[in-house]
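A.B. asks: Below you'll find my_file.cif; it's mmCIF, C-alpha atoms.
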data_my_file
#
loop_
_atom_site.label_atom_id
_atom_site.label_comp_id
_atom_site.auth_asym_id
_atom_site.auth_seq_id
_atom_site.Cartn_x
_atom_site.Cartn_y
_atom_site.Cartn_z
CA MET I 1 28.27 142.20 121.38
CA GLN I 2 31.77 140.81 121.11
CA ILE I 3 32.06 137.09 120.43
CA LYS I 4 35.15 135.32 121.70
CA ILE I 5 36.77 132.77 119.42
CA HIS I 6 39.44 130.41 120.70
CA LYS I 7 42.87 131.10 119.21
CA ASN I 8 43.12 127.51 117.88
CA ALA I 9 39.63 127.51 116.36
CA THR I 10 39.42 125.92 112.90
CA THR I 11 36.38 127.96 111.86
CA ALA I 12 35.73 131.68 111.83
CA LEU I 13 32.43 133.23 112.83
CA ALA I 14 31.29 133.66 109.21
CA ILE I 15 31.98 129.98 108.43
CA ARG I 16 30.16 128.86 111.58
CA GLN I 17 27.13 130.92 110.64
CA ALA I 18 27.17 129.61 107.05
CA ILE I 19 27.35 126.02 108.33
CA LYS I 20 24.47 126.59 110.72
CA GLU I 21 22.20 128.19 108.10
CA ASN I 22 23.07 125.91 105.17
CA LEU I 23 20.83 122.98 104.20
CA LEU I 24 23.63 120.89 102.69
CA SER I 25 24.73 117.70 104.44
CA ALA I 26 27.45 117.79 107.07
CA TYR I 27 29.72 115.87 104.69
CA ALA I 28 29.24 118.39 101.84
CA LEU I 29 29.83 121.34 104.17
CA ALA I 30 32.96 119.70 105.59
CA LYS I 31 34.39 119.33 102.10
CA LYS I 32 33.37 122.88 101.14
CA TYR I 33 34.99 124.56 104.18
CA GLY I 34 37.90 122.17 104.71
CA VAL I 35 36.91 121.03 108.20
CA SER I 36 35.92 117.68 109.63
CA GLN I 37 32.41 116.30 109.36
CA THR I 38 32.25 116.25 113.16
CA THR I 39 32.96 119.99 113.24
CA THR I 40 30.15 120.74 110.79
CA GLN I 41 27.72 118.56 112.72
CA ARG I 42 28.64 120.30 115.97
CA TRP I 43 28.08 123.79 114.52
CA LYS I 44 24.78 122.78 112.91
CA LYS I 45 23.47 121.66 116.33
CA ALA I 46 25.06 124.49 118.35
CA GLU I 47 22.80 126.99 120.09
CA SER I 48 25.48 129.69 120.04
CA LEU I 49 28.30 130.44 117.59
CA GLU I 50 30.59 131.41 120.47
CA ASP I 51 33.29 129.06 121.75
CA LYS I 52 32.60 127.42 125.09
CA SER I 53 35.00 127.95 127.95
CA SER I 54 37.73 125.35 128.22
CA ARG I 55 38.58 126.05 131.84
CA PRO I 56 37.82 123.36 134.41
CA ARG I 57 34.54 123.79 136.28
CA LYS I 58 36.16 122.80 139.56
CA LEU I 59 39.81 122.64 140.52
CA ASN I 60 40.74 119.51 142.40
CA THR I 61 43.46 120.84 144.65
CA ASN I 62 43.99 119.81 148.22
CA LEU I 63 46.37 122.10 150.04
CA ALA I 64 47.59 121.80 153.58
CA SER I 65 46.87 124.85 155.72
CA GLU I 66 50.61 125.70 155.73
CA GLN I 67 50.70 125.67 151.93
CA GLU I 68 47.58 127.84 151.74
CA ASP I 69 49.06 130.33 154.23
CA LEU I 70 52.30 130.49 152.24
CA ILE I 71 50.40 131.16 148.99
CA CYS I 72 48.36 133.93 150.63
CA PHE I 73 51.52 135.48 152.08
CA LYS I 74 53.30 135.41 148.70
CA ARG I 75 50.28 136.95 146.96
CA LYS I 76 50.20 139.79 149.49
CA GLN I 77 53.95 140.32 149.03
CA PHE I 78 53.57 140.41 145.26
CA LYS I 79 50.68 142.90 145.43
CA LYS I 80 52.66 145.18 147.78
CA ALA I 81 55.69 145.08 145.49
CA GLN I 82 53.60 145.71 142.41
CA PHE I 83 51.15 148.34 143.69
CA GLY I 84 53.11 150.13 146.39
CA CYS I 85 52.61 150.05 150.14
CA PHE I 86 48.92 149.22 150.24
CA THR I 87 47.77 146.79 152.87
CA PHE I 88 45.43 144.00 151.86
#
Represent the supplied structure as structure tokens.
C.D. replies:
Amino acid sequence: MQIKIHKNATTALAIRQAIKENLLSAYALAKKYGVSQTTTQRWKKAESLEDKSSRPRKLNTNLASEQEDLICFKRKQFKKAQFGCFTF
């Protein structure tokens, strides 16, 4: 199983696991690993050591039908130019 870690993550998988399994206080662990106390508390409570997705759950975009048609047309043009003369 491959675990994804965000590129700006302050803790590596090994540190996260050590924080989760350690019985020291969040403050002591924060000092030991050079992260904030909030970070250590979060990893102690976490169910998974994997980063959560940061993408929005729902996009709030309202497009007019003309704009939507233009986007679809441009996407089809791009796909034709990139992949040859396939019709989509």
A.B. asks: With distances taken over only C-alpha atoms, which of I:Arg75, I:Lys80, I:Lys32, I:Lys20 is nearest to I:Leu49?
C.D. replies: I:Lys20
A.B. asks: The PyMOL selection byres ((chain I and resi 15) around 12) on the file shown: which residues, as a PyMOL selection string?
C.D. replies: chain I and resi 9-14+16-22+29-30+32-35+39-40+43-44+49
A.B. asks: So what do you get for atom CA of I:Tyr27 versus atom CA of I:Lys45, distance-wise?
C.D. replies: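 The value is 14.4 Å.
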A.B. asks: Could you check how far atom CA of I:Lys79 sits from atom CA of I:Ala64, in Å to one decimal?
C.D. replies: 22.8 Å
A.B. asks: Could you work out how far atom CA of I:Arg55 lies from atom CA of I:Leu70, giving the answer in Å with one decimal?
C.D. replies: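 Atom-to-atom, atom CA of I:Leu70 and atom CA of I:Arg55 are spaced 25.0 Å apart.
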